[in-house]
Every structure is written in structure tokens, then in C-alpha cells.
$ cat target_17.txt   # compact mmCIF, C-alpha atoms and all ligand atoms
# COMPACT_ATOMS: atom_id res chain seq x y z
CA MET A 1 7.57 10.94 7.46
CA ASN A 2 5.91 8.57 9.91
CA LEU A 3 2.40 8.77 11.35
CA LEU A 4 3.54 10.62 14.49
CA GLN A 5 5.18 13.35 12.43
CA ALA A 6 2.09 13.58 10.22
CA LEU A 7 -0.12 13.96 13.31
CA GLN A 8 2.04 16.82 14.55
CA GLN A 9 1.41 18.71 11.31
CA THR A 10 -2.26 17.91 11.00
CA THR A 11 -4.83 20.55 10.25
CA VAL A 12 -8.35 19.76 11.50
CA ILE A 13 -11.31 19.80 9.13
CA PRO A 14 -13.60 22.82 9.80
CA GLU A 15 -16.87 22.07 11.59
CA ARG A 16 -19.07 23.32 8.72
CA TYR A 17 -18.45 20.14 6.70
CA ASN A 18 -20.16 18.05 9.37
CA LYS A 19 -23.34 20.07 8.90
CA MET A 20 -23.63 19.54 5.15
CA THR A 21 -25.76 16.77 3.63
CA ILE A 22 -24.19 14.13 1.40
CA GLN A 23 -26.05 15.56 -1.57
CA GLU A 24 -24.76 19.07 -0.91
CA MET A 25 -21.21 17.80 -0.62
CA GLU A 26 -21.45 15.71 -3.78
CA GLU A 27 -22.84 18.61 -5.79
CA ARG A 28 -20.12 20.93 -4.54
CA VAL A 29 -17.35 18.40 -5.36
CA ARG A 30 -18.78 18.01 -8.88
CA GLU A 31 -18.90 21.77 -9.34
CA LEU A 32 -15.35 22.29 -8.08
CA LYS A 33 -14.01 19.51 -10.28
CA THR A 34 -15.53 21.24 -13.29
CA ARG A 35 -14.19 24.64 -12.26
CA LEU A 36 -10.68 23.37 -11.56
CA GLY A 37 -10.62 21.30 -14.77
CA GLU A 38 -7.20 20.01 -15.76
CA ARG A 39 -5.51 21.89 -12.92
CA LEU A 40 -6.78 19.07 -10.69
CA PHE A 41 -6.16 15.32 -10.77
CA ILE A 42 -7.63 12.84 -8.28
CA PRO A 43 -6.05 9.37 -8.13
CA GLY A 44 -7.92 6.86 -5.92
CA HIS A 45 -6.70 3.53 -4.50
CA HIS A 46 -9.05 0.56 -4.78
CA TYR A 47 -9.36 0.43 -0.97
CA GLN A 48 -10.97 3.88 -0.78
CA ARG A 49 -14.61 4.40 0.13
CA ASP A 50 -17.19 4.51 -2.70
CA GLU A 51 -18.16 8.06 -1.67
CA VAL A 52 -14.64 9.13 -2.68
CA ILE A 53 -13.91 6.69 -5.52
CA GLN A 54 -16.89 8.03 -7.48
CA PHE A 55 -14.90 11.25 -7.98
CA ALA A 56 -11.52 9.70 -8.81
CA ASP A 57 -10.00 10.49 -12.21
CA ALA A 58 -8.04 7.24 -12.06
CA VAL A 59 -8.60 4.21 -9.85
CA GLY A 60 -5.84 1.68 -9.33
CA ASP A 61 -3.53 -0.33 -7.12
CA SER A 62 -0.31 1.12 -5.74
CA PHE A 63 1.64 0.33 -8.89
CA LYS A 64 -0.85 1.83 -11.33
CA LEU A 65 -1.17 4.96 -9.21
CA ALA A 66 2.62 5.36 -8.98
CA ARG A 67 2.87 5.08 -12.77
CA ILE A 68 -0.01 7.47 -13.36
CA SER A 69 1.53 10.03 -11.01
CA ALA A 70 4.87 9.75 -12.82
CA ASP A 71 3.16 10.26 -16.19
CA ASN A 72 0.98 13.19 -15.15
CA LYS A 73 2.69 16.37 -16.29
CA LYS A 74 -0.39 18.60 -16.45
CA ALA A 75 -2.14 18.77 -13.09
CA GLU A 76 -1.19 21.58 -10.76
CA TYR A 77 -2.87 19.83 -7.83
CA ILE A 78 -2.93 16.08 -7.21
CA VAL A 79 -5.44 15.26 -4.51
CA PHE A 80 -4.39 11.76 -3.56
CA CYS A 81 -7.16 9.54 -2.24
CA GLY A 82 -5.09 6.85 -0.61
CA VAL A 83 -2.65 6.80 2.28
CA HIS A 84 0.41 8.81 3.25
CA PHE A 85 3.10 6.69 1.56
CA MET A 86 1.17 6.82 -1.73
CA ALA A 87 0.96 10.61 -1.60
CA GLU A 88 4.70 10.77 -0.82
CA THR A 89 5.37 8.55 -3.85
CA ALA A 90 3.26 10.84 -6.01
CA ASP A 91 5.18 13.86 -4.73
CA ILE A 92 8.54 12.21 -5.47
CA LEU A 93 7.51 11.23 -9.00
CA THR A 94 5.87 14.49 -10.06
CA ALA A 95 7.48 17.81 -11.03
CA PRO A 96 8.46 20.27 -8.27
CA ASP A 97 5.70 22.71 -9.26
CA GLN A 98 2.96 20.04 -8.93
CA LYS A 99 1.42 20.00 -5.47
CA VAL A 100 0.28 16.79 -3.80
CA ILE A 101 -2.47 16.92 -1.19
CA LEU A 102 -3.61 14.12 1.10
CA PRO A 103 -7.18 15.04 2.17
CA ASP A 104 -6.52 13.83 5.73
CA ARG A 105 -2.88 13.79 6.82
CA LYS A 106 -3.76 11.24 9.51
CA ALA A 107 -4.30 8.65 6.76
CA GLY A 108 -1.06 6.79 7.45
CA CYS A 109 -0.25 3.10 7.12
CA SER A 110 0.55 0.96 10.14
CA MET A 111 2.78 -1.29 8.02
CA ALA A 112 4.86 1.62 6.71
CA ASP A 113 5.35 2.77 10.31
CA MET A 114 6.84 -0.61 11.25
CA ALA A 115 10.19 0.30 9.64
CA ASP A 116 11.81 3.53 10.69
CA ILE A 117 15.09 4.74 9.28
CA HIS A 118 17.08 4.40 12.54
CA GLN A 119 16.02 0.79 13.00
CA THR A 120 16.87 0.13 9.35
CA GLU A 121 20.34 1.68 9.52
CA ARG A 122 21.08 -0.36 12.66
CA ALA A 123 19.91 -3.56 10.97
CA TRP A 124 21.95 -2.75 7.86
CA ASN A 125 25.17 -2.33 9.88
CA LYS A 126 24.64 -5.62 11.65
CA LEU A 127 23.82 -7.43 8.41
CA ALA A 128 27.00 -6.00 6.84
CA ASN A 129 29.02 -7.55 9.68
CA TRP A 130 27.58 -10.98 8.95
CA PHE A 131 27.14 -10.90 5.20
CA GLY A 132 29.50 -8.20 3.89
CA ASP A 133 28.38 -6.70 0.60
CA THR A 134 26.10 -9.58 -0.41
CA VAL A 135 22.73 -8.04 0.57
CA LEU A 136 20.44 -5.91 -1.61
CA PRO A 137 17.61 -3.98 0.09
CA LEU A 138 14.16 -3.99 -1.51
CA THR A 139 11.18 -2.22 -0.04
CA TYR A 140 7.49 -2.58 -0.60
CA VAL A 141 6.16 0.83 -1.70
CA ASN A 142 4.16 0.66 1.53
CA SER A 143 7.04 2.34 3.36
CA THR A 144 8.10 5.86 4.25
CA ALA A 145 10.04 8.02 1.80
CA GLU A 146 13.07 7.75 4.10
CA ILE A 147 13.07 3.96 3.76
CA LYS A 148 12.76 4.26 -0.01
CA ALA A 149 15.72 6.67 0.06
CA PHE A 150 17.76 4.17 2.11
CA VAL A 151 16.97 1.48 -0.46
CA GLY A 152 17.72 3.83 -3.36
CA ARG A 153 21.17 4.82 -2.09
CA ASN A 154 22.06 1.18 -1.45
CA GLY A 155 21.31 0.06 -5.01
CA GLY A 156 17.87 -1.47 -4.38
CA ALA A 157 14.37 -0.88 -5.69
CA THR A 158 10.81 -0.55 -4.51
CA VAL A 159 8.26 -3.28 -5.24
CA THR A 160 4.49 -3.39 -5.26
CA SER A 161 2.29 -6.43 -4.86
CA SER A 162 1.79 -6.56 -8.64
CA ASN A 163 5.49 -6.65 -9.56
CA ALA A 164 7.11 -8.25 -6.50
CA HIS A 165 8.10 -11.45 -8.37
CA LYS A 166 9.80 -9.54 -11.16
CA ILE A 167 11.69 -7.19 -8.84
CA LEU A 168 12.77 -9.92 -6.42
CA LYS A 169 14.09 -11.96 -9.36
CA TRP A 170 16.03 -8.89 -10.48
CA GLY A 171 17.28 -8.46 -6.90
CA PHE A 172 18.78 -11.95 -6.93
CA SER A 173 20.57 -11.13 -10.19
CA GLN A 174 22.26 -8.22 -8.34
CA LYS A 175 23.20 -9.75 -5.01
CA GLU A 176 23.21 -13.10 -3.24
CA ARG A 177 20.75 -12.03 -0.54
CA ILE A 178 17.76 -9.73 -0.19
CA LEU A 179 16.69 -7.61 2.77
CA PHE A 180 12.92 -7.21 2.24
CA LEU A 181 11.16 -4.31 4.03
CA PRO A 182 8.71 -3.86 5.69
CA ASP A 183 6.16 -6.65 5.00
CA GLN A 184 7.38 -10.07 6.01
CA HIS A 185 4.39 -11.77 4.38
CA LEU A 186 4.73 -10.29 0.90
CA GLY A 187 8.48 -11.00 1.07
CA ARG A 188 8.02 -14.59 2.25
CA ASN A 189 5.20 -15.44 -0.15
CA THR A 190 7.03 -13.97 -3.14
CA ALA A 191 10.41 -15.53 -2.34
CA TYR A 192 8.71 -18.91 -1.79
CA ASP A 193 7.06 -18.68 -5.22
CA LEU A 194 10.50 -18.03 -6.71
CA GLY A 195 11.82 -21.26 -5.20
CA VAL A 196 13.51 -19.96 -2.04
CA ASP A 197 13.10 -22.51 0.73
CA LEU A 198 11.43 -21.29 3.94
CA GLN A 199 14.58 -22.54 5.74
CA GLN A 200 16.58 -19.97 3.78
CA MET A 201 14.52 -17.06 5.10
CA ALA A 202 15.37 -15.25 8.32
CA LEU A 203 13.31 -12.67 10.17
CA TRP A 204 14.73 -9.37 11.38
CA ASP A 205 13.05 -8.10 14.55
CA PRO A 206 13.51 -4.30 14.54
CA LEU A 207 12.27 -3.89 18.11
CA LYS A 208 14.88 -6.29 19.50
CA ASP A 209 17.55 -5.56 16.87
CA GLU A 210 17.79 -9.28 16.41
CA LEU A 211 17.98 -11.81 13.59
CA ILE A 212 15.56 -14.67 14.16
CA TYR A 213 17.02 -17.72 12.46
CA ASP A 214 17.67 -21.26 13.45
CA GLY A 215 20.52 -22.66 11.38
CA ASP A 216 23.71 -21.76 9.52
CA VAL A 217 23.48 -18.04 8.61
CA ASN A 218 25.43 -18.68 5.40
CA GLU A 219 22.32 -20.45 4.09
CA ILE A 220 20.16 -17.31 4.38
CA LYS A 221 18.87 -15.94 1.07
CA VAL A 222 16.19 -13.55 2.30
CA ILE A 223 16.03 -11.42 5.44
CA LEU A 224 12.40 -10.48 6.06
CA TRP A 225 11.61 -7.37 8.08
CA LYS A 226 9.20 -8.20 10.89
CA GLY A 227 6.36 -5.97 9.71
CA HIS A 228 2.86 -6.75 8.55
CA CYS A 229 -0.41 -5.26 7.35
CA SER A 230 -2.88 -5.10 10.22
CA VAL A 231 -5.74 -5.57 7.73
CA HIS A 232 -4.46 -8.62 5.86
CA GLU A 233 -3.12 -10.32 8.99
CA ASN A 234 -6.74 -10.57 10.14
CA PHE A 235 -7.40 -13.38 7.67
CA THR A 236 -6.68 -16.66 9.40
CA ILE A 237 -6.48 -20.34 8.67
CA HIS A 238 -9.59 -20.65 10.85
CA ASN A 239 -11.46 -18.40 8.38
CA VAL A 240 -10.30 -20.61 5.50
CA ARG A 241 -11.56 -23.79 7.23
CA GLU A 242 -14.91 -22.25 8.16
CA VAL A 243 -15.55 -20.95 4.66
CA ARG A 244 -14.62 -24.30 3.08
CA ASN A 245 -16.94 -26.17 5.46
CA LYS A 246 -19.82 -23.85 4.74
CA TYR A 247 -19.32 -23.53 0.95
CA PRO A 248 -17.54 -26.65 -0.36
CA ASN A 249 -17.30 -25.30 -3.94
CA ILE A 250 -15.97 -21.89 -3.08
CA ASN A 251 -12.74 -20.41 -4.55
CA ILE A 252 -10.58 -18.65 -2.01
CA ILE A 253 -8.42 -15.81 -3.31
CA VAL A 254 -6.18 -13.72 -1.05
CA HIS A 255 -3.70 -10.85 -1.18
CA PRO A 256 -0.01 -11.81 -0.63
CA GLU A 257 0.09 -9.56 2.44
CA CYS A 258 -1.74 -12.46 4.13
CA ARG A 259 0.18 -14.95 6.27
CA ARG A 260 1.95 -17.85 4.53
CA GLU A 261 -0.41 -20.51 5.92
CA VAL A 262 -3.45 -18.58 4.66
CA VAL A 263 -1.93 -18.19 1.19
CA GLU A 264 -1.09 -21.92 1.13
CA ALA A 265 -4.59 -22.95 2.14
CA SER A 266 -6.20 -20.67 -0.46
CA ASP A 267 -6.81 -21.49 -4.11
CA SER A 268 -4.92 -18.48 -5.42
CA SER A 269 -3.20 -15.32 -4.30
CA GLY A 270 -2.17 -12.12 -5.99
CA SER A 271 -2.10 -8.36 -5.93
CA THR A 272 -5.14 -6.15 -5.64
CA ASN A 273 -5.18 -5.89 -9.41
CA TYR A 274 -4.92 -9.67 -9.84
CA ILE A 275 -7.86 -10.19 -7.48
CA ILE A 276 -10.02 -7.70 -9.41
CA GLN A 277 -9.15 -9.23 -12.77
CA THR A 278 -9.78 -12.77 -11.53
CA ILE A 279 -13.25 -11.84 -10.31
CA GLU A 280 -13.98 -9.96 -13.55
CA LYS A 281 -13.03 -13.02 -15.62
CA ALA A 282 -14.85 -15.53 -13.39
CA ALA A 283 -17.89 -17.32 -14.80
CA PRO A 284 -21.36 -16.25 -13.60
CA GLY A 285 -22.61 -18.42 -10.76
CA THR A 286 -19.14 -19.10 -9.34
CA SER A 287 -18.43 -18.57 -5.62
CA TRP A 288 -15.55 -16.52 -4.19
CA ALA A 289 -14.21 -15.76 -0.74
CA ILE A 290 -11.82 -12.83 -0.92
CA GLY A 291 -9.08 -12.04 1.57
CA THR A 292 -8.43 -8.36 1.15
CA GLU A 293 -9.61 -4.92 2.25
CA MET A 294 -13.32 -4.43 2.91
CA ASN A 295 -14.10 -1.47 0.64
CA LEU A 296 -12.77 -3.38 -2.35
CA VAL A 297 -14.58 -6.61 -1.47
CA SER A 298 -17.87 -4.71 -1.00
CA ARG A 299 -17.39 -2.97 -4.36
CA LEU A 300 -16.71 -6.27 -6.12
CA MET A 301 -19.91 -7.67 -4.58
CA LYS A 302 -21.90 -4.76 -5.99
CA GLN A 303 -20.23 -4.89 -9.41
CA HIS A 304 -20.74 -8.66 -9.84
CA PRO A 305 -24.23 -9.56 -8.64
CA ASP A 306 -24.08 -12.66 -10.92
CA LYS A 307 -21.33 -14.17 -8.73
CA HIS A 308 -21.44 -15.23 -5.11
CA ILE A 309 -18.81 -13.14 -3.33
CA ILE A 310 -18.06 -13.01 0.39
CA SER A 311 -15.23 -11.74 2.56
CA LEU A 312 -12.94 -14.51 3.78
CA ASN A 313 -13.31 -13.03 7.26
CA PRO A 314 -17.02 -12.68 8.16
CA ASN A 315 -16.21 -9.63 10.29
CA PHE A 316 -14.73 -7.94 7.23
CA CYS A 317 -11.43 -6.12 7.42
CA PRO A 318 -11.46 -2.39 6.84
CA CYS A 319 -8.28 -0.36 6.62
CA MET A 320 -9.01 2.33 9.18
CA THR A 321 -6.51 4.77 7.70
CA MET A 322 -7.73 4.36 4.11
CA ASN A 323 -11.20 5.07 5.48
CA ARG A 324 -10.09 8.41 6.91
CA ILE A 325 -10.36 9.88 3.42
CA ASP A 326 -14.07 10.59 3.18
CA LEU A 327 -16.35 12.92 1.26
CA PRO A 328 -16.02 15.86 3.73
CA HIS A 329 -12.20 15.70 3.57
CA LEU A 330 -12.26 15.50 -0.22
CA LEU A 331 -14.55 18.51 -0.43
CA TRP A 332 -12.45 20.45 2.08
CA SER A 333 -9.33 19.80 -0.06
CA LEU A 334 -11.01 20.99 -3.26
CA GLU A 335 -12.52 24.09 -1.65
CA SER A 336 -9.21 25.10 -0.15
CA ILE A 337 -7.48 24.69 -3.53
CA TYR A 338 -10.19 26.77 -5.17
CA LYS A 339 -9.86 29.52 -2.56
CA GLY A 340 -6.09 29.49 -2.96
CA ASP A 341 -5.29 28.44 0.63
CA SER A 342 -4.71 24.71 0.23
CA VAL A 343 -4.11 22.50 3.24
CA ASN A 344 -2.57 19.09 3.86
CA PHE A 345 0.28 19.24 1.39
CA ILE A 346 2.65 16.31 1.26
CA LYS A 347 6.19 17.43 0.52
CA VAL A 348 9.11 15.05 0.81
CA PRO A 349 12.41 16.82 1.70
CA GLU A 350 14.53 17.22 -1.44
CA GLN A 351 17.51 15.00 -0.50
CA VAL A 352 15.17 12.19 0.63
CA ALA A 353 13.15 12.55 -2.57
CA ILE A 354 16.24 12.32 -4.82
CA GLU A 355 17.34 9.00 -3.30
CA ALA A 356 13.83 7.58 -2.98
CA LYS A 357 13.28 8.35 -6.65
CA LEU A 358 16.23 6.10 -7.54
CA ALA A 359 14.44 3.15 -5.92
CA LEU A 360 11.09 4.01 -7.51
CA GLU A 361 12.55 4.55 -10.96
CA ARG A 362 14.41 1.23 -10.85
CA MET A 363 11.04 -0.40 -10.21
CA LEU A 364 9.28 1.55 -12.96
CA ALA A 365 12.02 0.67 -15.45
CA LEU A 366 11.89 -3.04 -14.57
CA ALA A 367 8.14 -3.59 -14.23
P1 LIG A 401 -1.51 -2.98 -3.70
O1 LIG A 401 -2.28 -1.84 -4.20
O2 LIG A 401 -0.08 -2.97 -4.21
O3 LIG A 401 -2.15 -4.30 -3.92
O4 LIG A 401 -1.30 -2.79 -2.14
C1 LIG A 401 -2.26 -3.14 -1.22
C2 LIG A 401 -2.23 -2.28 -0.06
O5 LIG A 401 -2.22 -2.71 1.04
C3 LIG A 401 -2.22 -0.86 -0.27
O6 LIG A 401 -2.13 -0.23 0.92
FE1 LIG A 402 -1.30 -0.12 5.15
FE2 LIG A 402 -2.54 -2.49 5.14
FE3 LIG A 402 -3.98 -0.24 5.12
FE4 LIG A 402 -2.57 -0.97 2.95
S1 LIG A 402 -4.30 -2.04 3.84
S2 LIG A 402 -2.69 1.08 3.87
S3 LIG A 402 -0.76 -1.93 3.93
S4 LIG A 402 -2.60 -0.94 6.78
$ encode --input "target_17.txt" --output "C-alpha cells" --more "lines below"
Ligand code: 13P
Ligand code: SF4
Amino acid sequence: MNLLQALQQTTVIPERYNKMTIQEMEERVRELKTRLGERLFIPGHHYQRDEVIQFADAVGDSFKLARISADNKKAEYIVFCGVHFMAETADILTAPDQKVILPDRKAGCSMADMADIHQTERAWNKLANWFGDTVLPLTYVNSTAEIKAFVGRNGGATVTSSNAHKILKWGFSQKERILFLPDQHLGRNTAYDLGVDLQQMALWDPLKDELIYDGDVNEIKVILWKGHCSVHENFTIHNVREVRNKYPNINIIVHPECRREVVEASDSSGSTNYIIQTIEKAAPGTSWAIGTEMNLVSRLMKQHPDKHIISLNPNFCPCMTMNRIDLPHLLWSLESIYKGDSVNFIKVPEQVAIEAKLALERMLALA
């Protein structure tokens, strides 16, 4: 389901939550968590607000949360504090009687919306004309369930930022070429690390139905979907230069959803989990400029007062959709579960879920 479809099904939070104080809401969430006990499980992505993360039963990156959802056999209700594609993944990987709730159904992902199934089928047909059966589709988990299903039925797998190298390597053991959806930057940065020359990467423009490539198409190893993360694209080479001028000894670490030139100009790059672990292991007194989502960078600053940490972009980069999940929406979800009239369910249609699960399970088996 894309953001437009989610908006059409959205239920609006009742006015009473806007009148409650933070303390009242926190107390009520605590109480409801105790009352619901093991019937309830709250996974929270690292990019979520602190006001929500404090109540998460597990905090992680996309990969960890996908694994945790797959392993959770107990909870009747999974209140997913993250974005729409993560809740869909949880629904696909959990048992049919487990219910997944996204506290605000408008919490979509602009990157996931950059690849719709009709565009993808059109691209696939054109690619088959050029390359025959030599292309394997891989999709970042940051994609709709329909795209995961497309990838699943065509023999491919999902990837996350923490296993992209492993899965891409596997992809090349299956087929000569990879179609990588929907984030061109993660695809380009990962393929480059694996030794694929930039000249061997083409870009598929889904709006023009067009392959952007200057050269002999037989040389193409990777076809990158022209999608991006609107948060990570905000880190620029200009930010890198400014930070280096101001703090000559600083270490710059960025997420691989950043543009190639930003990754190249940084000292290191890696998944959300890699960034967290690097900062945890760093020596006191060291300086870090981080190129990733604002809530996580702010949390790392608070957790590591012995290190000098700044955002690579001085204007910070929040993910507006991650931020839609706030304390009032979390409370609303728990109260509605408790009253027995839950709202904001995420349910992937069965046939889509079966095929999407193939792609997710290939990833889970490989990573
Ligand atoms: P990871 O959790 O895989 O690092 O993904 C980052 C992201 O953009 C999630 O929306
Ligand atoms: Fe999507 Fe980027 Fe936000 Fe992640 S950070 S949910 S990829 S827009």
C-alpha cells in the first residue's frame, strides 16, 4: 500500500489526546503496558522520537526489527513504532492471528513511494527485452509490500542497510545483473564497495520509463531505481567541507542512503546499527559529525556526553513521517486495544504477503 492509499483509510486521533499533559499520557501508557502484559509488543525504530522510544520493548534498525517480528510468537498486538513499510513487514512475518498496528497510518516513507508496482512491471518488461533472463531484482526493505512481492516472485530478496553487501553478493551469484529498488544511493554505494565500476551502473527513471546510461548496455551490471531518501539526500558535499573546515580533527560518518560523493568524502559509512556501534566504541574526547536522521543523532549526543557529536547538516534532518508517531498516537493505540476497538491495523492482502514473504525469508536466511 502506498501513502495515498494509507491516507484514504486513515482514522483521525480523537481531540481528547491534545488536552492531556505529557505526564498524564506517560502514566497512562505505563499503566496500559502493565495491564496488557505479554499480549502487547512495541518495537521501535532508532529514528523514532524519545517520547515513544522510552516505551519500546525492542529498539533496532530495520533488520533487527524484521527479525524480532519474525521471532515473536506470543504478542497478540504489535504496535509498531516506525513507518508503514516496517509495519507491513511485521504483518507479513507474524502469524495470521497477530495484529499489527501503526499508531498513525500517515507515517509512510517517501522513498518507498518512489517505486510503485505498475512502474516496476513496466521497467521489468523493458529490461527483459534488453537483458533477457539475466537480471535479479533486489529491494531495500524500505519499499511497499507489493514491490517485495514482485521481487519475491522473480527470485530476488529484500535487503536492509545492515546486510546489503551480503545480499548483493548473493544476488551476483544468482544472475549476471541486479535491478536494485528503490534507493539508488544504497544500491550504488553497496555495489561500488563490492567492486562494481560506476560505469557499469545504469539508472532507471520510473517517471520517464527510461534507462539512463551512456555506453554499451551489455556492460551494465546494476540497474539502480531512481529513488532516494529525502532525509539522507539532505547531506551534501558542502556540509562535509564546512564541517572539515570548522573541526579539522572530526570523523565524518554517514548512512549509505547518502549520495555517493558524500559517502566518498566521509571517513566511514554504514547502516544505522553500524553508526551506533561506531559511536559506542569511540574513545572519549573524539569528535563526530553524523549524517543520518535527527532523532538518532540527538539521542547519541545525549547518550555520549564524553564525545563531541554534531549533525553533519547544521539544520538537522528529521524524517517527518517517522516523527508522526508521537506519544498521543501511541496512547491512542494502546487505549483502543484495551477497549477492544483497535484502530490503524496494517494488513497486507494474503497473496501479496505470500510472495513478499519469499523475498523477506531469503534475506533472513542469508543474513
Ligand atoms: P536502517 O534501519 O536499515 O538503517 O534504515 C534506515 C532508514 O531509513 C529507515 O527508514
Ligand atoms: Fe523513508 Fe528516509 Fe524516513 Fe527512512 S528516513 S522512513 S527511508 S524517508
$ residues_around --input "target_17.txt" --residues "A:Thr272" --least-positions-apart "2" --cutoff "7 Å" --atoms "all atoms listed in the file" --output "ChimeraX atom specification"
/A:61,255,270,274-276
$ write_last_selection --input "target_17.txt" --atoms "C-alpha atoms" --output "short mmCIF file (atom, residue, chain, number, x, y, z; two decimals), keeping the file's coordinate frame"
data_model
loop_
_atom_site.label_atom_id
_atom_site.label_comp_id
_atom_site.auth_asym_id
_atom_site.auth_seq_id
_atom_site.Cartn_x
_atom_site.Cartn_y
_atom_site.Cartn_z
CA ASP A 61 -3.53 -0.33 -7.12
CA HIS A 255 -3.70 -10.85 -1.18
CA GLY A 270 -2.17 -12.12 -5.99
CA TYR A 274 -4.92 -9.67 -9.84
CA ILE A 275 -7.86 -10.19 -7.48
CA ILE A 276 -10.02 -7.70 -9.41
#
$ closest_residue --input "target_17.txt" --among "A:His118, A:Lys175, A:His228, A:Lys73" --to "ligand LIG 402 (chain A)" --atoms "all atoms listed in the file"
A:His228
$ closest_residue --input "target_17.txt" --among "A:Tyr338, A:Tyr213, A:Phe85, A:Phe180" --to "ligand LIG 402 (chain A)" --atoms "only C-alpha atoms and all ligand atoms"
A:Phe85
$ residues_near_ligand --input "target_17.txt" --ligand "ligand LIG 401 (chain A)" --cutoff "10 Å" --atoms "all atoms listed in the file" --output "PyMOL selection string"
chain A and resi 45-48+60-66+82-86+108-112+140-143+159-164+228-232+255-257+270-275+292-293+319+321-322
$ write_last_selection --input "target_17.txt" --atoms "C-alpha atoms" --output "JSON list (two decimals), in the coordinates of the input"
[["chain", "number", "residue", "atom", "x", "y", "z"],
["A", 45, "HIS", "CA", -6.70, 3.53, -4.50],
["A", 46, "HIS", "CA", -9.05, 0.56, -4.78],
["A", 47, "TYR", "CA", -9.36, 0.43, -0.97],
["A", 48, "GLN", "CA", -10.97, 3.88, -0.78],
["A", 60, "GLY", "CA", -5.84, 1.68, -9.33],
["A", 61, "ASP", "CA", -3.53, -0.33, -7.12],
["A", 62, "SER", "CA", -0.31, 1.12, -5.74],
["A", 63, "PHE", "CA", 1.64, 0.33, -8.89],
["A", 64, "LYS", "CA", -0.85, 1.83, -11.33],
["A", 65, "LEU", "CA", -1.17, 4.96, -9.21],
["A", 66, "ALA", "CA", 2.62, 5.36, -8.98],
["A", 82, "GLY", "CA", -5.09, 6.85, -0.61],
["A", 83, "VAL", "CA", -2.65, 6.80, 2.28],
["A", 84, "HIS", "CA", 0.41, 8.81, 3.25],
["A", 85, "PHE", "CA", 3.10, 6.69, 1.56],
["A", 86, "MET", "CA", 1.17, 6.82, -1.73],
["A", 108, "GLY", "CA", -1.06, 6.79, 7.45],
["A", 109, "CYS", "CA", -0.25, 3.10, 7.12],
["A", 110, "SER", "CA", 0.55, 0.96, 10.14],
["A", 111, "MET", "CA", 2.78, -1.29, 8.02],
["A", 112, "ALA", "CA", 4.86, 1.62, 6.71],
["A", 140, "TYR", "CA", 7.49, -2.58, -0.60],
["A", 141, "VAL", "CA", 6.16, 0.83, -1.70],
["A", 142, "ASN", "CA", 4.16, 0.66, 1.53],
["A", 143, "SER", "CA", 7.04, 2.34, 3.36],
["A", 159, "VAL", "CA", 8.26, -3.28, -5.24],
["A", 160, "THR", "CA", 4.49, -3.39, -5.26],
["A", 161, "SER", "CA", 2.29, -6.43, -4.86],
["A", 162, "SER", "CA", 1.79, -6.56, -8.64],
["A", 163, "ASN", "CA", 5.49, -6.65, -9.56],
["A", 164, "ALA", "CA", 7.11, -8.25, -6.50],
["A", 228, "HIS", "CA", 2.86, -6.75, 8.55],
["A", 229, "CYS", "CA", -0.41, -5.26, 7.35],
["A", 230, "SER", "CA", -2.88, -5.10, 10.22],
["A", 231, "VAL", "CA", -5.74, -5.57, 7.73],
["A", 232, "HIS", "CA", -4.46, -8.62, 5.86],
["A", 255, "HIS", "CA", -3.70, -10.85, -1.18],
["A", 256, "PRO", "CA", -0.01, -11.81, -0.63],
["A", 257, "GLU", "CA", 0.09, -9.56, 2.44],
["A", 270, "GLY", "CA", -2.17, -12.12, -5.99],
["A", 271, "SER", "CA", -2.10, -8.36, -5.93],
["A", 272, "THR", "CA", -5.14, -6.15, -5.64],
["A", 273, "ASN", "CA", -5.18, -5.89, -9.41],
["A", 274, "TYR", "CA", -4.92, -9.67, -9.84],
["A", 275, "ILE", "CA", -7.86, -10.19, -7.48],
["A", 292, "THR", "CA", -8.43, -8.36, 1.15],
["A", 293, "GLU", "CA", -9.61, -4.92, 2.25],
["A", 319, "CYS", "CA", -8.28, -0.36, 6.62],
["A", 321, "THR", "CA", -6.51, 4.77, 7.70],
["A", 322, "MET", "CA", -7.73, 4.36, 4.11]]
$ atom_distance --input "target_17.txt" --atom1 "atom CA of A:Gln200" --atom2 "atom CA of A:Ile212"
11.7 Å
$ atom_distance --input "target_17.txt" --atom1 "atom CA of A:Pro43" --atom2 "atom CA of A:Ala87"
9.7 Å
$ residues_around --input "target_17.txt" --residues "stretch 125-136 of chain A" --least-positions-apart "4" --cutoff "7 Å" --atoms "all atoms listed in the file" --output "MDAnalysis selection string"
chainID A and resid 121 155:156 171 175:179
